[in-house]
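Printed here is start03.cif (mmCIF, C-alpha atoms and all ligand atoms):
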```cif
data_coords
#
loop_
_atom_site.label_atom_id
_atom_site.label_comp_id
_atom_site.auth_asym_id
_atom_site.auth_seq_id
_atom_site.Cartn_x
_atom_site.Cartn_y
_atom_site.Cartn_z
CA MET D 1 -5.17 80.94 -51.76
CA ALA D 2 -4.19 77.66 -53.38
CA THR D 3 -0.74 76.12 -53.73
CA VAL D 4 -0.17 74.93 -57.28
CA LEU D 5 2.74 72.51 -57.67
CA CYS D 6 3.87 72.31 -61.26
CA VAL D 7 6.45 69.78 -62.49
CA LEU D 8 8.08 70.66 -65.82
CA TYR D 9 11.11 69.48 -67.77
CA PRO D 10 14.42 71.34 -67.29
CA ASP D 11 15.29 74.41 -69.38
CA PRO D 12 17.45 74.04 -72.51
CA ILE D 13 21.12 73.33 -71.72
CA THR D 14 21.97 76.47 -73.72
CA GLY D 15 19.72 78.66 -71.53
CA TYR D 16 16.25 80.20 -71.56
CA PRO D 17 14.73 81.55 -73.73
CA PRO D 18 16.09 79.57 -76.66
CA ASP D 19 16.89 81.06 -80.06
CA TYR D 20 13.54 80.47 -81.80
CA ALA D 21 13.58 79.29 -85.43
CA ARG D 22 10.28 81.05 -86.26
CA THR D 23 8.46 84.07 -84.93
CA SER D 24 4.82 82.93 -85.03
CA LEU D 25 2.49 79.93 -85.21
CA PRO D 26 -0.21 79.33 -87.82
CA LEU D 27 -3.65 80.30 -86.54
CA LEU D 28 -5.93 77.27 -86.10
CA THR D 29 -9.71 77.54 -85.89
CA GLY D 30 -10.50 74.21 -84.23
CA TYR D 31 -9.56 70.59 -83.68
CA PRO D 32 -10.68 67.86 -86.13
CA ALA D 33 -14.39 66.96 -86.06
CA ASP D 34 -15.26 70.56 -85.12
CA ARG D 35 -14.11 70.11 -81.52
CA ALA D 36 -13.37 73.45 -79.84
CA LEU D 37 -9.84 74.64 -79.10
CA PRO D 38 -9.13 75.67 -75.47
CA THR D 39 -11.13 78.74 -74.47
CA PRO D 40 -9.49 80.39 -71.44
CA ALA D 41 -10.95 83.73 -70.37
CA GLY D 42 -8.84 86.89 -70.55
CA PRO D 43 -5.29 87.27 -71.79
CA LEU D 44 -2.86 84.35 -72.10
CA GLY D 45 0.25 84.69 -69.96
CA PHE D 46 2.46 83.82 -72.94
CA LYS D 47 2.96 84.38 -76.64
CA PRO D 48 2.08 81.26 -78.70
CA GLY D 49 5.33 79.80 -80.02
CA GLU D 50 7.30 80.36 -76.79
CA LEU D 51 8.88 77.46 -74.91
CA LEU D 52 6.35 76.90 -72.11
CA GLY D 53 6.93 73.28 -71.08
CA SER D 54 10.26 73.86 -69.29
CA VAL D 55 10.68 75.32 -65.81
CA SER D 56 11.22 78.96 -66.88
CA GLY D 57 8.23 78.85 -69.25
CA ALA D 58 5.98 77.72 -66.33
CA LEU D 59 3.23 76.94 -68.87
CA GLY D 60 2.64 80.70 -68.97
CA LEU D 61 0.58 80.33 -65.77
CA ARG D 62 2.47 82.69 -63.48
CA PRO D 63 0.68 85.99 -64.36
CA TYR D 64 -2.82 84.49 -63.90
CA LEU D 65 -2.04 82.58 -60.69
CA GLU D 66 -0.12 85.40 -58.99
CA GLU D 67 -2.70 88.02 -59.96
CA HIS D 68 -5.33 85.87 -58.22
CA GLY D 69 -3.23 85.41 -55.10
CA HIS D 70 -2.25 81.77 -55.60
CA ARG D 71 1.18 80.35 -54.92
CA LEU D 72 2.96 78.67 -57.85
CA ILE D 73 5.86 76.29 -57.25
CA VAL D 74 7.62 75.08 -60.40
CA THR D 75 10.24 72.35 -60.28
CA SER D 76 11.81 69.66 -62.43
CA ASP D 77 13.07 67.77 -59.36
CA LYS D 78 10.53 64.95 -59.26
CA ASP D 79 12.18 61.60 -58.46
CA GLY D 80 13.50 60.02 -55.26
CA PRO D 81 12.41 60.49 -51.65
CA ASP D 82 14.16 63.87 -51.16
CA CYS D 83 13.04 65.53 -54.37
CA GLU D 84 11.35 68.93 -54.29
CA PHE D 85 8.12 67.42 -55.61
CA GLU D 86 7.90 65.04 -52.60
CA ARG D 87 8.81 67.85 -50.18
CA CYS D 88 6.11 70.22 -51.52
CA LEU D 89 3.39 67.61 -52.02
CA PRO D 90 1.87 67.88 -48.50
CA GLU D 91 1.06 71.59 -49.14
CA ALA D 92 -0.25 71.17 -52.69
CA ASP D 93 -3.91 71.80 -53.57
CA ILE D 94 -3.26 71.24 -57.28
CA VAL D 95 -0.54 69.28 -59.09
CA ILE D 96 0.24 69.94 -62.76
CA SER D 97 2.52 67.62 -64.70
CA GLN D 98 3.36 66.79 -68.32
CA PRO D 99 3.64 63.21 -69.62
CA PHE D 100 7.06 64.05 -71.13
CA TRP D 101 8.54 64.55 -67.66
CA PRO D 102 5.93 62.82 -65.54
CA ALA D 103 5.57 63.46 -61.82
CA TYR D 104 4.51 59.92 -60.92
CA LEU D 105 1.53 60.37 -58.59
CA THR D 106 1.53 56.95 -56.96
CA ARG D 107 -0.83 55.69 -54.25
CA GLU D 108 1.92 56.35 -51.66
CA ARG D 109 2.44 59.92 -52.85
CA ILE D 110 -1.32 60.57 -52.92
CA ALA D 111 -1.45 59.42 -49.28
CA ARG D 112 1.12 62.13 -48.48
CA ALA D 113 -0.96 64.85 -50.19
CA PRO D 114 -3.97 65.43 -47.91
CA LYS D 115 -4.90 68.79 -49.51
CA LEU D 116 -4.69 67.60 -53.11
CA LYS D 117 -7.98 68.12 -55.00
CA LEU D 118 -6.97 68.42 -58.66
CA ALA D 119 -4.28 66.74 -60.79
CA VAL D 120 -3.93 68.26 -64.26
CA THR D 121 -2.06 66.60 -67.09
CA ALA D 122 -0.78 69.37 -69.35
CA GLY D 123 -1.06 67.20 -72.45
CA ILE D 124 -2.77 63.83 -72.97
CA GLY D 125 -2.32 60.55 -71.05
CA SER D 126 -2.80 60.46 -67.27
CA ASP D 127 -1.31 57.02 -66.62
CA HIS D 128 1.42 58.62 -64.46
CA VAL D 129 -1.38 59.14 -61.92
CA ASP D 130 -2.69 56.10 -60.03
CA LEU D 131 -6.26 56.71 -61.20
CA GLN D 132 -7.83 54.23 -58.76
CA ALA D 133 -6.05 55.84 -55.80
CA ALA D 134 -6.98 59.31 -57.06
CA ALA D 135 -10.64 58.27 -57.36
CA GLU D 136 -10.60 56.85 -53.82
CA ALA D 137 -9.06 60.09 -52.49
CA GLY D 138 -11.71 62.25 -54.21
CA ILE D 139 -9.12 63.89 -56.49
CA THR D 140 -10.27 65.16 -59.89
CA VAL D 141 -7.92 64.20 -62.74
CA ALA D 142 -8.14 66.22 -65.95
CA GLU D 143 -6.07 66.35 -69.14
CA VAL D 144 -6.08 68.70 -72.13
CA THR D 145 -7.82 66.29 -74.50
CA GLY D 146 -7.16 67.02 -78.17
CA SER D 147 -4.32 69.46 -77.52
CA ASN D 148 -1.46 67.52 -79.13
CA CYS D 149 -3.25 64.86 -81.21
CA ILE D 150 -2.12 66.22 -84.56
CA SER D 151 1.42 66.78 -83.22
CA VAL D 152 1.59 63.07 -82.36
CA ALA D 153 -0.10 61.94 -85.58
CA GLU D 154 2.55 63.86 -87.57
CA HIS D 155 5.29 62.21 -85.48
CA VAL D 156 3.84 58.76 -86.25
CA VAL D 157 3.79 59.45 -90.01
CA MET D 158 7.41 60.63 -89.78
CA MET D 159 8.41 57.46 -87.90
CA VAL D 160 6.62 55.12 -90.32
CA LEU D 161 8.45 56.67 -93.27
CA ALA D 162 11.77 56.85 -91.42
CA LEU D 163 11.68 53.15 -90.49
CA VAL D 164 10.44 51.71 -93.77
CA ARG D 165 12.68 53.88 -95.98
CA ASN D 166 15.71 53.38 -93.68
CA TYR D 167 16.07 57.16 -93.30
CA LEU D 168 18.06 57.43 -90.06
CA PRO D 169 20.94 55.01 -90.95
CA SER D 170 21.16 56.63 -94.42
CA HIS D 171 21.31 60.10 -92.85
CA GLU D 172 24.13 58.95 -90.55
CA ILE D 173 26.09 57.70 -93.57
CA ALA D 174 25.69 61.13 -95.20
CA VAL D 175 26.77 62.97 -92.04
CA ASP D 176 29.79 60.67 -91.68
CA GLY D 177 31.03 61.65 -95.17
CA GLY D 178 30.03 58.33 -96.79
CA TRP D 179 28.33 57.51 -100.08
CA ASN D 180 27.56 53.82 -99.57
CA ILE D 181 24.32 53.63 -101.56
CA ALA D 182 24.05 49.84 -101.24
CA ASP D 183 24.30 50.05 -97.44
CA CYS D 184 21.56 52.69 -97.38
CA VAL D 185 19.11 50.83 -99.61
CA SER D 186 19.64 47.24 -98.42
CA ARG D 187 16.84 47.83 -95.91
CA SER D 188 14.84 50.50 -97.75
CA TYR D 189 11.29 49.92 -99.07
CA ASP D 190 8.29 51.96 -100.26
CA VAL D 191 5.30 52.09 -97.94
CA GLU D 192 2.91 52.05 -100.91
CA GLY D 193 0.82 48.88 -100.86
CA MET D 194 1.88 47.86 -97.35
CA ASN D 195 -0.72 47.02 -94.68
CA PHE D 196 -0.78 49.46 -91.76
CA GLY D 197 -2.74 48.74 -88.59
CA THR D 198 -3.45 50.93 -85.60
CA ILE D 199 -4.37 49.53 -82.19
CA GLY D 200 -6.64 52.34 -81.03
CA ALA D 201 -8.31 54.71 -83.49
CA GLY D 202 -9.36 57.48 -81.11
CA ARG D 203 -8.40 61.09 -81.71
CA ILE D 204 -4.75 60.35 -82.58
CA GLY D 205 -5.19 56.91 -84.20
CA LEU D 206 -7.85 58.25 -86.57
CA ALA D 207 -5.73 61.32 -87.41
CA VAL D 208 -2.85 58.94 -88.30
CA LEU D 209 -5.14 56.88 -90.57
CA ARG D 210 -6.32 60.05 -92.33
CA ARG D 211 -2.74 61.25 -92.85
CA LEU D 212 -1.55 57.91 -94.22
CA LYS D 213 -4.47 57.46 -96.64
CA PRO D 214 -2.77 59.44 -99.46
CA PHE D 215 0.27 57.12 -99.28
CA ASP D 216 -1.88 54.27 -100.68
CA LEU D 217 -1.35 51.94 -97.75
CA ARG D 218 -4.05 49.39 -96.87
CA LEU D 219 -5.42 50.60 -93.56
CA HIS D 220 -6.56 48.43 -90.61
CA TYR D 221 -7.65 49.17 -87.05
CA THR D 222 -8.93 47.62 -83.85
CA GLN D 223 -10.39 49.48 -80.92
CA ARG D 224 -12.98 49.34 -78.18
CA HIS D 225 -15.58 51.44 -80.01
CA ARG D 226 -16.00 50.67 -83.71
CA LEU D 227 -15.85 53.73 -86.01
CA SER D 228 -18.89 54.73 -88.08
CA PRO D 229 -19.54 52.95 -91.41
CA GLU D 230 -19.07 56.35 -93.13
CA ILE D 231 -15.51 56.74 -91.77
CA GLU D 232 -14.69 53.09 -92.49
CA SER D 233 -15.76 53.45 -96.10
CA GLU D 234 -14.18 56.93 -96.59
CA LEU D 235 -10.76 55.59 -95.52
CA GLY D 236 -11.26 52.00 -96.78
CA LEU D 237 -10.62 50.61 -93.28
CA THR D 238 -10.55 46.96 -92.29
CA PHE D 239 -11.81 46.48 -88.72
CA HIS D 240 -10.33 43.68 -86.58
CA PRO D 241 -12.16 42.36 -83.53
CA ASP D 242 -8.94 41.95 -81.56
CA VAL D 243 -5.25 42.82 -81.45
CA ARG D 244 -4.04 39.36 -82.56
CA SER D 245 -6.15 39.41 -85.71
CA LEU D 246 -4.75 42.86 -86.57
CA VAL D 247 -1.06 42.15 -85.97
CA GLN D 248 -1.20 38.96 -88.09
CA SER D 249 -2.54 40.96 -91.05
CA VAL D 250 -0.26 43.99 -91.25
CA ASP D 251 3.31 45.08 -92.05
CA ILE D 252 3.33 48.11 -89.71
CA VAL D 253 1.77 48.12 -86.22
CA ASN D 254 0.96 51.42 -84.53
CA LEU D 255 0.04 51.65 -80.83
CA GLN D 256 -2.45 54.36 -79.88
CA VAL D 257 -4.38 53.17 -76.82
CA PRO D 258 -4.05 54.59 -73.31
CA LEU D 259 -2.07 52.68 -70.68
CA TYR D 260 -4.10 51.24 -67.81
CA PRO D 261 -3.71 47.95 -65.90
CA SER D 262 -5.24 45.67 -68.58
CA THR D 263 -3.37 47.25 -71.53
CA GLU D 264 0.02 46.80 -69.83
CA HIS D 265 2.14 44.39 -71.96
CA LEU D 266 -0.55 44.19 -74.64
CA ILE D 267 2.39 43.40 -76.93
CA ASP D 268 4.34 40.60 -75.26
CA ALA D 269 6.62 37.88 -76.65
CA GLU D 270 3.60 35.82 -77.81
CA MET D 271 2.01 38.75 -79.65
CA LEU D 272 5.36 39.58 -81.28
CA LYS D 273 5.59 35.98 -82.50
CA ALA D 274 2.15 36.35 -84.13
CA MET D 275 3.50 39.25 -86.25
CA LYS D 276 4.95 38.60 -89.73
CA ARG D 277 8.75 38.59 -90.00
CA GLY D 278 9.83 42.11 -90.93
CA THR D 279 7.00 43.95 -89.15
CA TYR D 280 7.70 47.54 -88.07
CA ILE D 281 6.31 48.85 -84.77
CA VAL D 282 5.61 52.50 -83.91
CA ASN D 283 4.72 53.32 -80.32
CA THR D 284 4.03 56.91 -79.36
CA ALA D 285 1.37 55.84 -76.83
CA ARG D 286 3.08 54.44 -73.72
CA ALA D 287 6.16 52.25 -73.18
CA LYS D 288 4.49 49.78 -70.83
CA LEU D 289 2.02 48.76 -73.55
CA VAL D 290 4.90 46.57 -74.75
CA ASP D 291 7.28 44.17 -72.98
CA ARG D 292 10.60 46.04 -73.08
CA ASP D 293 12.89 43.01 -73.24
CA ALA D 294 10.70 41.04 -75.64
CA ILE D 295 11.01 43.99 -78.07
CA VAL D 296 14.81 43.95 -77.72
CA GLN D 297 14.93 40.18 -78.39
CA ALA D 298 12.63 40.45 -81.42
CA MET D 299 14.77 43.28 -82.83
CA ASP D 300 18.04 41.43 -82.18
CA SER D 301 16.72 38.32 -83.93
CA GLY D 302 15.49 40.34 -86.94
CA HIS D 303 11.88 39.20 -86.50
CA ILE D 304 10.89 42.86 -86.04
CA ALA D 305 12.48 45.08 -88.73
CA GLY D 306 12.30 48.35 -86.80
CA TYR D 307 10.88 49.93 -83.64
CA ALA D 308 10.30 53.67 -83.34
CA GLY D 309 8.71 55.47 -80.48
CA ASP D 310 9.10 58.30 -78.07
CA VAL D 311 7.72 56.75 -74.91
CA TRP D 312 9.84 55.03 -72.27
CA PHE D 313 9.58 53.75 -68.73
CA PRO D 314 10.64 55.33 -66.50
CA GLN D 315 11.01 58.84 -67.85
CA PRO D 316 13.61 60.18 -68.14
CA ALA D 317 14.97 56.85 -69.41
CA PRO D 318 18.21 55.62 -67.80
CA ARG D 319 21.35 56.02 -69.90
CA ASP D 320 21.65 52.24 -70.30
CA HIS D 321 18.04 51.65 -71.42
CA PRO D 322 18.36 48.94 -74.12
CA TRP D 323 16.06 50.75 -76.58
CA ARG D 324 18.72 53.47 -76.95
CA THR D 325 21.11 51.05 -78.64
CA MET D 326 19.07 48.19 -80.14
CA PRO D 327 19.53 47.86 -83.91
CA TYR D 328 17.25 49.75 -86.33
CA ASN D 329 15.51 51.74 -83.62
CA GLY D 330 14.05 55.16 -84.37
CA MET D 331 13.60 56.33 -80.78
CA THR D 332 13.31 59.95 -79.68
CA PRO D 333 13.01 61.22 -76.11
CA HIS D 334 9.32 61.82 -75.30
CA ILE D 335 8.73 64.81 -77.59
CA ALA D 336 5.92 63.95 -80.03
CA GLY D 337 3.28 65.92 -78.16
CA THR D 338 5.36 68.85 -76.95
CA SER D 339 6.23 70.78 -80.08
CA LEU D 340 6.02 74.55 -79.53
CA SER D 341 2.72 74.40 -81.44
CA ALA D 342 1.32 71.79 -79.02
CA GLN D 343 2.57 73.66 -75.95
CA ALA D 344 0.55 76.76 -76.86
CA ARG D 345 -2.63 74.64 -76.95
CA TYR D 346 -2.08 72.60 -73.81
CA ALA D 347 -0.91 75.65 -71.83
CA ALA D 348 -4.14 77.44 -72.85
CA GLY D 349 -6.16 74.32 -71.93
CA THR D 350 -4.46 74.09 -68.53
CA LEU D 351 -5.33 77.75 -67.89
CA GLU D 352 -8.96 77.02 -68.89
CA ILE D 353 -9.12 74.08 -66.45
CA LEU D 354 -7.70 76.20 -63.59
CA GLN D 355 -10.07 79.10 -64.30
CA ASP D 356 -13.08 76.75 -64.29
CA TYR D 357 -11.89 75.03 -61.12
CA PHE D 358 -11.31 78.28 -59.20
CA SER D 359 -14.62 79.79 -60.32
CA GLY D 360 -16.59 76.65 -59.41
CA LYS D 361 -17.64 75.98 -63.02
CA PRO D 362 -17.70 72.37 -64.29
CA ILE D 363 -14.49 71.35 -66.06
CA ARG D 364 -15.13 70.60 -69.74
CA GLU D 365 -16.47 67.02 -70.02
CA ASP D 366 -13.85 66.20 -72.69
CA TYR D 367 -11.05 67.06 -70.25
CA LEU D 368 -12.24 64.88 -67.36
CA ILE D 369 -10.55 61.56 -66.60
CA VAL D 370 -11.54 61.01 -62.95
CA GLU D 371 -14.19 62.90 -61.00
CA GLY D 372 -16.56 62.10 -58.16
CA GLY D 373 -14.79 58.89 -57.17
CA GLY D 374 -14.69 57.22 -60.61
CA LEU D 375 -13.85 57.57 -64.29
CA ALA D 376 -15.67 60.47 -65.97
CA GLY D 377 -15.85 62.21 -69.37
CA THR D 378 -13.07 61.10 -71.73
CA GLY D 379 -11.74 58.91 -68.90
CA ALA D 380 -14.90 56.78 -68.95
CA ARG D 381 -14.62 56.21 -72.71
CA SER D 382 -10.87 55.66 -73.02
CA TYR D 383 -9.53 54.22 -69.72
CA LYS D 384 -10.40 51.38 -67.35
CA LEU D 385 -9.44 51.19 -63.68
CA THR D 386 -8.47 47.49 -63.98
P1 LIG G 1 -8.41 58.82 -77.23
O1 LIG G 1 -9.00 58.68 -75.90
O2 LIG G 1 -9.02 59.77 -78.21
O3 LIG G 1 -8.28 57.40 -77.96
C1 LIG G 1 -7.95 56.23 -77.33
C2 LIG G 1 -8.79 55.12 -77.96
O4 LIG G 1 -8.34 53.86 -77.47
C3 LIG G 1 -10.27 55.23 -77.59
O5 LIG G 1 -11.00 55.42 -78.77
C4 LIG G 1 -10.59 53.91 -76.92
O6 LIG G 1 -11.83 53.38 -77.34
C5 LIG G 1 -9.47 53.03 -77.39
N1 LIG G 1 -9.16 51.94 -76.46
C6 LIG G 1 -8.98 52.00 -75.12
N2 LIG G 1 -8.65 50.80 -74.63
C7 LIG G 1 -8.61 49.96 -75.69
C8 LIG G 1 -8.30 48.59 -75.82
N3 LIG G 1 -7.97 47.84 -74.76
N4 LIG G 1 -8.34 48.02 -77.06
C9 LIG G 1 -8.68 48.77 -78.12
N5 LIG G 1 -8.98 50.09 -78.06
C10 LIG G 1 -8.94 50.68 -76.85
O7 LIG G 1 -6.88 59.21 -76.94
P2 LIG G 1 -5.84 59.87 -77.94
O8 LIG G 1 -5.91 61.34 -77.83
O9 LIG G 1 -5.96 59.25 -79.28
O10 LIG G 1 -4.48 59.42 -77.22
C11 LIG G 1 -4.14 58.05 -77.11
C12 LIG G 1 -2.91 57.89 -76.24
O11 LIG G 1 -1.77 58.46 -76.90
C13 LIG G 1 -2.96 58.64 -74.89
O12 LIG G 1 -3.67 57.93 -73.92
C14 LIG G 1 -1.49 58.77 -74.55
O13 LIG G 1 -1.06 57.63 -73.85
C15 LIG G 1 -0.81 58.82 -75.91
N6 LIG G 1 -0.27 60.16 -76.21
C16 LIG G 1 1.07 60.31 -76.42
C17 LIG G 1 1.62 61.55 -76.70
C18 LIG G 1 3.09 61.72 -76.98
O14 LIG G 1 3.59 62.84 -76.93
N7 LIG G 1 3.80 60.67 -77.32
C19 LIG G 1 0.79 62.68 -76.73
C20 LIG G 1 -0.58 62.51 -76.56
C21 LIG G 1 -1.10 61.25 -76.28
#
```
Turn the structure described in the file into structure tokens.
Amino acid sequence: MATVLCVLYPDPITGYPPDYARTSLPLLTGYPADRALPTPAGPLGFKPGELLGSVSGALGLRPYLEEHGHRLIVTSDKDGPDCEFERCLPEADIVISQPFWPAYLTRERIARAPKLKLAVTAGIGSDHVDLQAAAEAGITVAEVTGSNCISVAEHVVMMVLALVRNYLPSHEIAVDGGWNIADCVSRSYDVEGMNFGTIGAGRIGLAVLRRLKPFDLRLHYTQRHRLSPEIESELGLTFHPDVRSLVQSVDIVNLQVPLYPSTEHLIDAEMLKAMKRGTYIVNTARAKLVDRDAIVQAMDSGHIAGYAGDVWFPQPAPRDHPWRTMPYNGMTPHIAGTSLSAQARYAAGTLEILQDYFSGKPIREDYLIVEGGGLAGTGARSYKLT
């Protein structure tokens, strides 16, 4: 019998289950590039479209785990020395957490979890786990690669349009009963013809480029592994050898690389200075890729025209976090990858990982971040330990 400790965000304030807007999800046959959707064995413990990411949803895992005699603890109480997560950690064989409400698995916490063998990220992005400490402790880290890529890519497209067209301030004027056209349009532009650059063109970055192509933007990218000449020519991409070259050339910067020690503060005050006046920044990757206060200063001075993102540090963000109130921000809480559509996929992928783990089968290579004392699978291609 294993103890599975699952940290999820709190239920809706109005109660669980919520009043769903729709009754079903479209049926998908695969991820882009013919990658396979999650393939858990047997019935799912949920109906796709249900709210699974909050405590009562329990990622739909309860029927499977209880039927197989495992103990499931679900909590949203994850921060501070007396939280339920800290109290239950010494008994946990498996920890499951979502990036939207991350259970920070620090080196100190790992030291207090002698039984821990598997840390699953229900979603994508395992930077809330100290990957070096996990590798040293022989813990396998896995995430549900691919599960919410298109959800995030759609969020990025929405944010690009919202910032450049000045959607949110104009919407507020409408809600407030106003009709001040000049105030709405004084900061409103078309994206057509602008230069858009993504730092990272992996699964999400490439999906963003594909979705923006029909808007007739000029598309740029930089990333560790150059894309194939076929993709570059299909999308008319300009490749940049480094981040500085890219940010100097574009009007909109999109961040889509994982966070690890050497990508922390990739965008600092110097890099912001290298951007053209009036650049927009979209960051759905991770907050610590940018210097928080340098962003606030660049927004206050007007050098950066808008910043939209849904990633913060820490999460949940404190009430007085300066990104909540800086001018022309398009921030959301961390929601891009946890639409009801995404939840159905990453809950199914989490079930697949657990089934493989309990039956002694190898976890899908694509899902692995750390295994056998070092980076593995997707982890070896996308992360670094330094
Ligand atoms: P991916 O692994 O497919 O792509 C990441 C790409 O970044 C890889 O191609 C890699 O080569 C490249 N890369 C790594 N380090 C680099 C560097 N220093 N410079 C240039 N390129 C580098 O991952 P993905 O599925 O596209 O996800 C990317 C990130 O998006 C995740 O790590 C996560 O942090 C974030 N994410 C956010 C949400 C959300 O809800 N906001 C959801 C999913 C993922």
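The shortest atom-to-atom distance to Ile353 (chain D), with only C-alpha atoms taken into account, belongs to D:Glu365 out of D:Ser188, D:Pro114, D:Glu365, D:Asp291.
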Could you list, as a PyMOL selection string, all the residues within 7 Å of ligand LIG 1 (chain G), counting only C-alpha atoms and all ligand atoms?
chain D and resi 100+123-125+145-146+148-149+152+199-205+222-225+256-259+263+284-286+310-311+334-338+378+381-383
For region 169-184 of chain D: contacts at 12 Å, only C-alpha atoms, fewer than 2 positions along chain excluded, given as a list in words:
Ala162, Leu163, Val164, Arg165, Asn166, Tyr167, Ser186, Arg187, Ser188, Tyr189, Gly306, Pro327, Tyr328, Asn329 and Gly330 of chain D
Compile the contact shell of Lys47 (chain D) as a ChimeraX atom specification: residues with an atom at most 12 Å away, counting all atoms listed in the file, same-chain residues fewer than 2 positions apart removed.
/D:23-25,43-45,49-52,57,59-61,340-341,343-345,347-348
Could you check which residues have any atom within 12 Å of (12.5, 53.4, -81.8), counting all atoms listed in the file with coordinates taken straight from the file, and then list them as a PDB file with C-alpha atoms, keeping the file's coordinate frame?
```
ATOM      1  CA  HIS D 155       5.290  62.210 -85.480  1.00  0.00           C
ATOM      2  CA  VAL D 156       3.840  58.760 -86.250  1.00  0.00           C
ATOM      3  CA  MET D 158       7.410  60.630 -89.780  1.00  0.00           C
ATOM      4  CA  MET D 159       8.410  57.460 -87.900  1.00  0.00           C
ATOM      5  CA  VAL D 160       6.620  55.120 -90.320  1.00  0.00           C
ATOM      6  CA  ALA D 162      11.770  56.850 -91.420  1.00  0.00           C
ATOM      7  CA  LEU D 163      11.680  53.150 -90.490  1.00  0.00           C
ATOM      8  CA  LEU D 168      18.060  57.430 -90.060  1.00  0.00           C
ATOM      9  CA  TYR D 280       7.700  47.540 -88.070  1.00  0.00           C
ATOM     10  CA  ILE D 281       6.310  48.850 -84.770  1.00  0.00           C
ATOM     11  CA  VAL D 282       5.610  52.500 -83.910  1.00  0.00           C
ATOM     12  CA  ASN D 283       4.720  53.320 -80.320  1.00  0.00           C
ATOM     13  CA  THR D 284       4.030  56.910 -79.360  1.00  0.00           C
ATOM     14  CA  ALA D 287       6.160  52.250 -73.180  1.00  0.00           C
ATOM     15  CA  ARG D 292      10.600  46.040 -73.080  1.00  0.00           C
ATOM     16  CA  ILE D 295      11.010  43.990 -78.070  1.00  0.00           C
ATOM     17  CA  VAL D 296      14.810  43.950 -77.720  1.00  0.00           C
ATOM     18  CA  MET D 299      14.770  43.280 -82.830  1.00  0.00           C
ATOM     19  CA  ILE D 304      10.890  42.860 -86.040  1.00  0.00           C
ATOM     20  CA  ALA D 305      12.480  45.080 -88.730  1.00  0.00           C
ATOM     21  CA  GLY D 306      12.300  48.350 -86.800  1.00  0.00           C
ATOM     22  CA  TYR D 307      10.880  49.930 -83.640  1.00  0.00           C
ATOM     23  CA  ALA D 308      10.300  53.670 -83.340  1.00  0.00           C
ATOM     24  CA  GLY D 309       8.710  55.470 -80.480  1.00  0.00           C
ATOM     25  CA  ASP D 310       9.100  58.300 -78.070  1.00  0.00           C
ATOM     26  CA  VAL D 311       7.720  56.750 -74.910  1.00  0.00           C
ATOM     27  CA  TRP D 312       9.840  55.030 -72.270  1.00  0.00           C
ATOM     28  CA  HIS D 321      18.040  51.650 -71.420  1.00  0.00           C
ATOM     29  CA  PRO D 322      18.360  48.940 -74.120  1.00  0.00           C
ATOM     30  CA  TRP D 323      16.060  50.750 -76.580  1.00  0.00           C
ATOM     31  CA  ARG D 324      18.720  53.470 -76.950  1.00  0.00           C
ATOM     32  CA  THR D 325      21.110  51.050 -78.640  1.00  0.00           C
ATOM     33  CA  MET D 326      19.070  48.190 -80.140  1.00  0.00           C
ATOM     34  CA  PRO D 327      19.530  47.860 -83.910  1.00  0.00           C
ATOM     35  CA  TYR D 328      17.250  49.750 -86.330  1.00  0.00           C
ATOM     36  CA  ASN D 329      15.510  51.740 -83.620  1.00  0.00           C
ATOM     37  CA  GLY D 330      14.050  55.160 -84.370  1.00  0.00           C
ATOM     38  CA  MET D 331      13.600  56.330 -80.780  1.00  0.00           C
ATOM     39  CA  THR D 332      13.310  59.950 -79.680  1.00  0.00           C
ATOM     40  CA  PRO D 333      13.010  61.220 -76.110  1.00  0.00           C
ATOM     41  CA  HIS D 334       9.320  61.820 -75.300  1.00  0.00           C
TER      42      HIS D 334
END
```
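Using only C-alpha atoms, the nearest neighbour of Arg210 (chain D) within the list D:Ile252, D:Val157, D:Ile369, D:Ala92 is D:Val157.
Counting from CA of Leu368 (chain D), the distance to CA of Ser262 (chain D) is 20.5 Å.
Considering all atoms listed in the file, the residue among D:Thr75, D:Pro316, D:Tyr20, D:Lys273 positioned nearest to Pro99 (chain D) is D:Pro316.
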